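The next block is model28.pdb, given as PDB, C-alpha atoms.
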MODEL        1
ATOM      1  CA  MET A   1      -1.498  16.763  -3.417
ATOM      2  CA  LYS A   2      -5.075  15.618  -3.928
ATOM      3  CA  THR A   3      -5.216  11.954  -2.936
ATOM      4  CA  THR A   4      -8.040   9.447  -3.443
ATOM      5  CA  LEU A   5      -8.310   6.143  -1.606
ATOM      6  CA  ILE A   6     -10.139   3.422  -3.523
ATOM      7  CA  GLN A   7     -11.656   1.023  -0.991
ATOM      8  CA  LEU A   8     -12.384  -1.959  -3.221
ATOM      9  CA  ASN A   9     -14.497  -5.090  -2.843
ATOM     10  CA  ILE A  10     -12.090  -7.434  -4.623
ATOM     11  CA  GLU A  11     -13.355 -10.245  -6.845
ATOM     12  CA  TRP A  12     -11.185 -13.270  -6.139
ATOM     13  CA  GLY A  13      -8.746 -14.027  -8.958
ATOM     14  CA  ARG A  14     -10.491 -11.852 -11.565
ATOM     15  CA  PRO A  15      -8.202  -8.994 -12.617
ATOM     16  CA  LEU A  16     -10.381  -7.746 -15.463
ATOM     17  CA  ASP A  17     -13.461  -7.530 -13.249
ATOM     18  CA  ASN A  18     -11.481  -5.710 -10.587
ATOM     19  CA  ILE A  19     -10.091  -3.285 -13.147
ATOM     20  CA  ARG A  20     -13.642  -2.443 -14.213
ATOM     21  CA  ARG A  21     -14.648  -1.888 -10.583
ATOM     22  CA  VAL A  22     -11.703   0.447 -10.035
ATOM     23  CA  GLU A  23     -12.506   2.379 -13.200
ATOM     24  CA  ARG A  24     -16.081   2.911 -12.028
ATOM     25  CA  LEU A  25     -14.941   4.137  -8.625
ATOM     26  CA  MET A  26     -12.342   6.440 -10.168
ATOM     27  CA  ALA A  27     -14.983   7.944 -12.460
ATOM     28  CA  GLU A  28     -17.175   8.720  -9.438
ATOM     29  CA  ALA A  29     -14.335  10.378  -7.482
ATOM     30  CA  PRO A  30     -12.854  13.859  -7.934
ATOM     31  CA  ARG A  31      -9.939  14.017 -10.350
ATOM     32  CA  SER A  32      -6.845  13.521  -8.186
ATOM     33  CA  ASP A  33      -3.071  13.640  -8.298
ATOM     34  CA  LEU A  34      -2.719  10.243  -6.604
ATOM     35  CA  TYR A  35      -4.985   7.190  -6.433
ATOM     36  CA  VAL A  36      -4.241   4.430  -3.919
ATOM     37  CA  LEU A  37      -5.512   0.863  -4.264
ATOM     38  CA  PRO A  38      -5.443  -1.971  -1.690
ATOM     39  CA  GLU A  39      -2.929  -4.800  -1.375
ATOM     40  CA  MET A  40      -3.204  -7.369  -4.210
ATOM     41  CA  TRP A  41      -6.062  -5.279  -5.542
ATOM     42  CA  SER A  42      -6.535  -7.234  -8.765
ATOM     43  CA  THR A  43      -6.781 -10.750  -7.294
ATOM     44  CA  GLY A  44      -7.333 -10.736  -3.545
ATOM     45  CA  PHE A  45      -4.735 -11.798  -0.980
ATOM     46  CA  ALA A  46      -3.454 -15.000  -2.593
ATOM     47  CA  THR A  47      -1.062 -16.750  -0.221
ATOM     48  CA  GLU A  48      -0.752 -19.610  -2.750
ATOM     49  CA  PRO A  49      -0.026 -17.678  -5.936
ATOM     50  CA  GLN A  50       0.787 -20.425  -8.434
ATOM     51  CA  ASP A  51      -2.447 -20.116 -10.429
ATOM     52  CA  ILE A  52      -3.333 -16.526  -9.606
ATOM     53  CA  ALA A  53      -0.191 -14.332  -9.739
ATOM     54  CA  GLU A  54       0.428 -12.417 -12.948
ATOM     55  CA  ASN A  55       3.749 -12.524 -14.744
ATOM     56  CA  GLU A  56       5.328  -9.100 -14.487
ATOM     57  CA  ALA A  57       6.278  -9.108 -18.173
ATOM     58  CA  ASP A  58       2.669  -9.259 -19.377
ATOM     59  CA  SER A  59       0.539  -8.381 -16.339
ATOM     60  CA  VAL A  60      -2.768  -6.916 -17.465
ATOM     61  CA  SER A  61      -3.153  -5.218 -14.074
ATOM     62  CA  LEU A  62       0.251  -3.555 -14.226
ATOM     63  CA  GLN A  63      -0.320  -2.462 -17.806
ATOM     64  CA  TRP A  64      -3.642  -0.944 -16.725
ATOM     65  CA  MET A  65      -1.920   0.980 -13.919
ATOM     66  CA  ARG A  66       0.615   2.358 -16.387
ATOM     67  CA  SER A  67      -1.842   3.318 -19.105
ATOM     68  CA  THR A  68      -4.370   4.835 -16.705
ATOM     69  CA  ALA A  69      -1.776   6.876 -14.829
ATOM     70  CA  LYS A  70      -0.544   8.240 -18.149
ATOM     71  CA  ARG A  71      -4.047   8.935 -19.445
ATOM     72  CA  PHE A  72      -5.113  10.831 -16.324
ATOM     73  CA  ASN A  73      -1.741  12.488 -15.730
ATOM     74  CA  CYS A  74      -1.633  11.132 -12.199
ATOM     75  CA  ALA A  75       0.044   8.515 -10.019
ATOM     76  CA  ILE A  76      -1.433   5.151  -9.016
ATOM     77  CA  ALA A  77      -0.189   2.999  -6.133
ATOM     78  CA  GLY A  78      -1.181  -0.528  -5.122
ATOM     79  CA  SER A  79       0.263  -4.015  -4.787
ATOM     80  CA  LEU A  80      -0.001  -7.055  -7.046
ATOM     81  CA  ALA A  81       0.812 -10.736  -6.708
ATOM     82  CA  ILE A  82       3.636 -10.948  -9.237
ATOM     83  CA  GLN A  83       5.692 -13.734 -10.747
ATOM     84  CA  THR A  84       9.063 -12.201 -11.512
ATOM     85  CA  GLY A  85      10.671 -15.122 -13.333
ATOM     86  CA  ARG A  86      13.761 -15.057 -11.109
ATOM     87  CA  GLN A  87      15.619 -18.335 -10.879
ATOM     88  CA  ASP A  88      18.733 -17.264  -8.970
ATOM     89  CA  LEU A  89      17.679 -17.907  -5.366
ATOM     90  CA  PRO A  90      18.293 -21.153  -3.452
ATOM     91  CA  THR A  91      15.128 -23.212  -3.171
ATOM     92  CA  SER A  92      16.239 -24.351   0.273
ATOM     93  CA  THR A  93      15.355 -20.936   1.718
ATOM     94  CA  ILE A  94      11.887 -20.573   0.216
ATOM     95  CA  GLN A  95       9.661 -22.915  -1.715
ATOM     96  CA  HIS A  96       8.878 -20.683  -4.668
ATOM     97  CA  PRO A  97      11.329 -17.766  -4.933
ATOM     98  CA  THR A  98       9.773 -16.355  -8.094
ATOM     99  CA  TYR A  99       6.786 -14.638  -6.438
ATOM    100  CA  CYS A 100       6.641 -11.166  -4.881
ATOM    101  CA  ASN A 101       3.942  -9.113  -3.219
ATOM    102  CA  ARG A 102       4.997  -6.042  -5.167
ATOM    103  CA  HIS A 103       3.727  -2.574  -4.267
ATOM    104  CA  TYR A 104       3.954  -0.391  -7.382
ATOM    105  CA  PHE A 105       4.009   3.371  -7.602
ATOM    106  CA  ILE A 106       3.304   4.445 -11.188
ATOM    107  CA  ASP A 107       3.847   8.118 -12.013
ATOM    108  CA  GLY A 108       2.029   8.860 -15.247
ATOM    109  CA  ARG A 109       3.091  12.504 -15.336
ATOM    110  CA  PHE A 110       6.780  11.876 -15.848
ATOM    111  CA  GLY A 111       6.742   8.205 -16.800
ATOM    112  CA  ASN A 112       8.505   7.132 -13.616
ATOM    113  CA  GLU A 113       7.911   3.771 -11.987
ATOM    114  CA  ALA A 114       9.039   2.325  -8.660
ATOM    115  CA  TYR A 115       8.140  -0.679  -6.568
ATOM    116  CA  TYR A 116       8.552  -2.074  -3.078
ATOM    117  CA  ASP A 117       8.544  -5.800  -2.331
ATOM    118  CA  LYS A 118       6.787  -6.509   0.969
ATOM    119  CA  HIS A 119       9.447  -7.097   3.605
ATOM    120  CA  HIS A 120       7.374  -8.594   6.432
ATOM    121  CA  LEU A 121       5.566 -11.506   4.863
ATOM    122  CA  PHE A 122       2.495 -12.664   6.777
ATOM    123  CA  ARG A 123       3.820 -15.882   8.302
ATOM    124  CA  TYR A 124       0.564 -16.528  10.201
ATOM    125  CA  GLY A 125      -1.249 -16.870   6.866
ATOM    126  CA  GLY A 126       1.528 -18.740   5.035
ATOM    127  CA  GLU A 127       2.582 -15.880   2.759
ATOM    128  CA  ASP A 128       6.234 -16.649   3.523
ATOM    129  CA  HIS A 129       5.926 -20.148   2.009
ATOM    130  CA  TYR A 130       5.689 -18.843  -1.542
ATOM    131  CA  TYR A 131       6.777 -15.210  -1.706
ATOM    132  CA  GLN A 132      10.233 -13.700  -1.712
ATOM    133  CA  PRO A 133      10.573 -10.953   0.938
ATOM    134  CA  GLY A 134      11.924  -7.579  -0.100
ATOM    135  CA  GLN A 135      15.125  -6.421   1.559
ATOM    136  CA  ALA A 136      15.106  -2.694   0.809
ATOM    137  CA  HIS A 137      12.953   0.347   1.487
ATOM    138  CA  THR A 138      11.427   2.318  -1.343
ATOM    139  CA  ILE A 139      10.873   6.066  -1.190
ATOM    140  CA  VAL A 140       9.398   7.851  -4.190
ATOM    141  CA  GLU A 141       9.269  11.571  -4.840
ATOM    142  CA  TYR A 142       5.997  12.892  -6.174
ATOM    143  CA  GLY A 143       4.157  16.200  -5.929
ATOM    144  CA  GLY A 144       6.901  17.593  -3.714
ATOM    145  CA  PHE A 145       6.453  14.745  -1.198
ATOM    146  CA  ARG A 146       8.877  11.990  -0.288
ATOM    147  CA  ILE A 147       6.703   8.894   0.108
ATOM    148  CA  LEU A 148       7.588   5.624   1.835
ATOM    149  CA  LEU A 149       5.844   2.518   0.490
ATOM    150  CA  LEU A 150       4.640  -0.152   2.950
ATOM    151  CA  THR A 151       2.372  -3.175   2.638
ATOM    152  CA  CYS A 152      -0.100  -4.444   5.248
ATOM    153  CA  TYR A 153       1.798  -6.542   7.864
ATOM    154  CA  ASP A 154       4.714  -4.065   7.673
ATOM    155  CA  LEU A 155       2.619  -1.730   9.845
ATOM    156  CA  ARG A 156       3.272  -3.940  12.878
ATOM    157  CA  PHE A 157       7.032  -3.323  12.767
ATOM    158  CA  PRO A 158       7.894   0.279  13.661
ATOM    159  CA  VAL A 159      11.671  -0.158  13.411
ATOM    160  CA  TRP A 160      11.357  -0.972   9.700
ATOM    161  CA  SER A 161       9.535   2.267   8.935
ATOM    162  CA  ARG A 162      11.273   4.542  11.447
ATOM    163  CA  TYR A 163      12.151   7.981  10.093
ATOM    164  CA  ALA A 164      15.951   8.270  10.107
ATOM    165  CA  ASP A 165      18.811  10.160   8.502
ATOM    166  CA  ALA A 166      18.951   7.443   5.860
ATOM    167  CA  LEU A 167      15.160   7.091   5.607
ATOM    168  CA  GLN A 168      13.599  10.537   5.288
ATOM    169  CA  TYR A 169      10.048  10.941   4.072
ATOM    170  CA  ASP A 170       6.915  13.060   4.452
ATOM    171  CA  ALA A 171       4.158  10.501   3.907
ATOM    172  CA  ILE A 172       3.601   6.763   4.087
ATOM    173  CA  ILE A 173       1.400   4.769   1.726
ATOM    174  CA  ALA A 174       0.278   1.539   3.375
ATOM    175  CA  VAL A 175      -1.844  -0.778   1.217
ATOM    176  CA  ALA A 176      -3.589  -3.674   2.913
ATOM    177  CA  ASN A 177      -5.936  -6.641   3.080
ATOM    178  CA  TRP A 178      -6.516  -6.181   6.809
ATOM    179  CA  PRO A 179      -9.332  -8.390   8.179
ATOM    180  CA  GLU A 180     -12.154  -7.341  10.459
ATOM    181  CA  SER A 181     -10.899  -9.706  13.180
ATOM    182  CA  ARG A 182      -7.884  -7.414  13.649
ATOM    183  CA  GLN A 183      -9.543  -4.120  12.744
ATOM    184  CA  ASN A 184      -8.598  -2.505  16.039
ATOM    185  CA  ALA A 185      -4.927  -3.055  15.232
ATOM    186  CA  TRP A 186      -5.379  -1.433  11.792
ATOM    187  CA  GLN A 187      -6.804   1.707  13.341
ATOM    188  CA  ILE A 188      -4.175   1.929  16.079
ATOM    189  CA  LEU A 189      -1.128   1.099  13.966
ATOM    190  CA  THR A 190      -1.919   3.500  11.127
ATOM    191  CA  ARG A 191      -2.185   6.333  13.622
ATOM    192  CA  ALA A 192       0.900   5.265  15.545
ATOM    193  CA  ARG A 193       3.080   5.145  12.434
ATOM    194  CA  ALA A 194       1.873   8.646  11.470
ATOM    195  CA  MET A 195       2.460  10.180  14.919
ATOM    196  CA  GLU A 196       5.836   8.638  15.701
ATOM    197  CA  ASN A 197       7.254   9.716  12.331
ATOM    198  CA  GLN A 198       5.354  13.030  12.063
ATOM    199  CA  ALA A 199       4.202  12.080   8.584
ATOM    200  CA  TYR A 200       0.934  11.618   6.738
ATOM    201  CA  LEU A 201      -0.261   8.015   6.662
ATOM    202  CA  ILE A 202      -2.306   7.033   3.608
ATOM    203  CA  GLY A 203      -3.849   3.667   4.434
ATOM    204  CA  CYS A 204      -5.934   1.807   1.847
ATOM    205  CA  ASN A 205      -7.711  -1.374   2.943
ATOM    206  CA  ARG A 206     -10.226  -3.569   1.118
ATOM    207  CA  VAL A 207     -13.806  -4.562   1.927
ATOM    208  CA  GLY A 208     -15.770  -7.733   1.233
ATOM    209  CA  ASP A 209     -15.004 -11.409   1.742
ATOM    210  CA  ASP A 210     -12.754 -14.185   0.565
ATOM    211  CA  ASP A 211     -12.480 -17.807   1.728
ATOM    212  CA  TYR A 212     -10.404 -16.760   4.742
ATOM    213  CA  SER A 213     -11.661 -13.453   6.106
ATOM    214  CA  HIS A 214     -14.153 -10.639   6.119
ATOM    215  CA  TYR A 215     -12.673  -7.204   5.427
ATOM    216  CA  ARG A 216     -14.160  -4.092   6.981
ATOM    217  CA  GLY A 217     -12.125  -1.465   5.164
ATOM    218  CA  GLN A 218     -12.041   1.866   7.005
ATOM    219  CA  SER A 219      -9.311   3.161   4.724
ATOM    220  CA  ALA A 220      -8.054   6.484   6.037
ATOM    221  CA  ILE A 221      -5.703   9.409   5.632
ATOM    222  CA  ILE A 222      -4.058  10.306   8.947
ATOM    223  CA  SER A 223      -2.306  13.572   9.811
ATOM    224  CA  PRO A 224       1.225  13.843  11.268
ATOM    225  CA  ILE A 225      -0.342  14.247  14.727
ATOM    226  CA  GLY A 226      -2.558  11.194  14.348
ATOM    227  CA  LYS A 227      -5.804  12.941  13.429
ATOM    228  CA  THR A 228      -8.135  11.224  10.969
ATOM    229  CA  LEU A 229      -8.496  13.609   8.040
ATOM    230  CA  ALA A 230     -10.622  11.393   5.807
ATOM    231  CA  CYS A 231     -12.008   7.888   6.225
ATOM    232  CA  CYS A 232     -14.057   5.464   4.163
ATOM    233  CA  ARG A 233     -17.108   3.944   5.804
ATOM    234  CA  ALA A 234     -16.914   0.395   7.079
ATOM    235  CA  ASN A 235     -18.074  -2.494   4.872
ATOM    236  CA  GLN A 236     -18.730  -0.292   1.868
ATOM    237  CA  GLU A 237     -16.974  -0.061  -1.467
ATOM    238  CA  GLN A 238     -16.257   3.633  -1.931
ATOM    239  CA  THR A 239     -13.652   6.355  -2.370
ATOM    240  CA  VAL A 240     -12.535   9.238  -0.205
ATOM    241  CA  THR A 241     -10.430  12.215  -1.273
ATOM    242  CA  PHE A 242      -8.268  14.645   0.686
ATOM    243  CA  SER A 243      -5.600  17.179  -0.296
ATOM    244  CA  LEU A 244      -2.290  16.687   1.501
ATOM    245  CA  ASP A 245      -0.265  19.802   2.324
ATOM    246  CA  LEU A 246       3.501  19.467   2.705
ATOM    247  CA  GLU A 247       3.619  22.606   4.858
ATOM    248  CA  VAL A 248       1.571  20.803   7.504
ATOM    249  CA  VAL A 249       4.378  18.268   7.854
ATOM    250  CA  ASN A 250       7.090  20.911   7.864
ATOM    251  CA  ARG A 251       5.335  23.081  10.444
ATOM    252  CA  GLN A 252       4.725  20.176  12.788
ATOM    253  CA  ARG A 253       8.337  18.989  12.588
ATOM    254  CA  THR A 254       9.624  22.514  13.154
ATOM    255  CA  LYS A 255       7.273  23.351  16.022
ATOM    256  CA  PHE A 256       7.451  20.048  17.924
ATOM    257  CA  LYS A 257      10.853  18.519  17.246
ATOM    258  CA  VAL A 258      10.145  14.970  18.324
ATOM    259  CA  LEU A 259      12.326  13.525  15.576
ATOM    260  CA  ASP A 260      15.388  15.295  16.997
ATOM    261  CA  ASP A 261      15.078  13.091  20.088
ATOM    262  CA  ARG A 262      14.556   9.797  18.301
ATOM    263  CA  ASP A 263      16.732   6.811  19.100
ATOM    264  CA  ILE A 264      19.516   6.333  16.560
ATOM    265  CA  ARG A 265      19.620   2.826  15.209
TER     266      ARG A 265
ENDMDL
END
Written form, structure tokens:
Amino acid sequence: MKTTLIQLNIEWGRPLDNIRRVERLMAEAPRSDLYVLPEMWSTGFATEPQDIAENEADSVSLQWMRSTAKRFNCAIAGSLAIQTGRQDLPTSTIQHPTYCNRHYFIDGRFGNEAYYDKHHLFRYGGEDHYYQPGQAHTIVEYGGFRILLLTCYDLRFPVWSRYADALQYDAIIAVANWPESRQNAWQILTRARAMENQAYLIGCNRVGDDDYSHYRGQSAIISPIGKTLACCRANQEQTVTFSLDLEVVNRQRTKFKVLDDRDIR
């Protein structure tokens, strides 16, 4: 499964400009089966989403993901700040329950669509004040792979992503706005999640700056034994492409049966 990471320098709150940037980067990359974008790729990491989140019903960014995936006969993954329009949650538990950090997986080949709402909201940055946390995992099947969707801060919580009888997968897509100040954690955690679950880790981070942080990028594809297979350069908007092989996962799990000795939760 040929996979391209799109390490984007996100223009704050400007979806159309960010769409054009993604289109340029896609045109420069090899034609791929799967393209992965960063967290909140069309707006930047907006912890106060009232004037920046797109309504899911008419989101220009979501419509672009759908139309582009169909046009190129591929899949596109990435998260968006989304207003869902839900009104059925008690306001006592969260200030604005209509917003989600929603990680979409759009399959243009077969017209399938799935999403994962970020479970671990970034309390340190105030994300939990406005967004509704997701309560369920999402695994999509594409190109013969079973793929678990994660978003940024989720990487710090290994129990949530632990391979289990009820949570079986071959690869993880983790999209992020992970700042330079915690870059060491990004590099360690992506590799740890790959090794402990004997799965590919496809990690797409952003570059550039917003009012809160500088982002170094270093998006990477990690093997089931924690080896870096492909990596974007630091502080540079670019793409990197690598072909994932399901047999690599199967051989590793058969040869070195770590998962047979995992703790049962």
Polymer residues at most 12 Å from Val36 of chain A, all atoms listed in the file, same-chain spacing of 2 or more positions, as a PyMOL selection string: chain A and resi 2-8+22+25-26+32-34+38-41+65+69+74-79+103-106+149+172-176+201-206+219-221+239-242
Once the PyMOL selection byres ((chain A and resi 194) around 10) has been evaluated on this model, what residues remain selected, and can you format them as a CSV table (one decimal) with C-alpha atoms, in the coordinates of the input?
chain,number,residue,atom,x,y,z
A,170,ASP,CA,6.9,13.1,4.5
A,171,ALA,CA,4.2,10.5,3.9
A,172,ILE,CA,3.6,6.8,4.1
A,189,LEU,CA,-1.1,1.1,14.0
A,190,THR,CA,-1.9,3.5,11.1
A,191,ARG,CA,-2.2,6.3,13.6
A,192,ALA,CA,0.9,5.3,15.5
A,193,ARG,CA,3.1,5.1,12.4
A,195,MET,CA,2.5,10.2,14.9
A,196,GLU,CA,5.8,8.6,15.7
A,197,ASN,CA,7.3,9.7,12.3
A,198,GLN,CA,5.4,13.0,12.1
A,199,ALA,CA,4.2,12.1,8.6
A,200,TYR,CA,0.9,11.6,6.7
A,201,LEU,CA,-0.3,8.0,6.7
A,202,ILE,CA,-2.3,7.0,3.6
A,221,ILE,CA,-5.7,9.4,5.6
A,222,ILE,CA,-4.1,10.3,8.9
A,223,SER,CA,-2.3,13.6,9.8
A,224,PRO,CA,1.2,13.8,11.3
A,225,ILE,CA,-0.3,14.2,14.7
A,226,GLY,CA,-2.6,11.2,14.3
A,227,LYS,CA,-5.8,12.9,13.4
Residues in the PyMOL selection byres ((chain A and resi 18) around 10), expressed as JSON, numbers by chain: {"A": [8, 9, 10, 11, 12, 13, 14, 15, 16, 17, 19, 20, 21, 22, 23, 24, 41, 42, 43, 44, 61]}
The PyMOL selection byres ((chain A and resi 162) around 10) applied to the shown file, residues as a PyMOL selection string: chain A and resi 157-161+163-169+193+196-197+259+262-265
Long-range neighbours of Gln50 of chain A as a list in words, 10 Å cut-off, all atoms listed in the file, 5 positions minimum in chain: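 Answer for this query is Ala81, Ile82, Gln83, His96, Thr98, Tyr99 and Tyr130 of chain A.
Between atom CA of Phe122 of chain A and atom CA of Cys152 of chain A the interatomic distance comes to 8.8 Å.
The neighbours of His119 of chain A here are the residues that come within 8 Å of it, using all atoms listed in the file and leaving out any residue fewer than 4 positions away in the same chain; they are Pro133, Gly134, Gln135, Ala136 and Asp154 of chain A.
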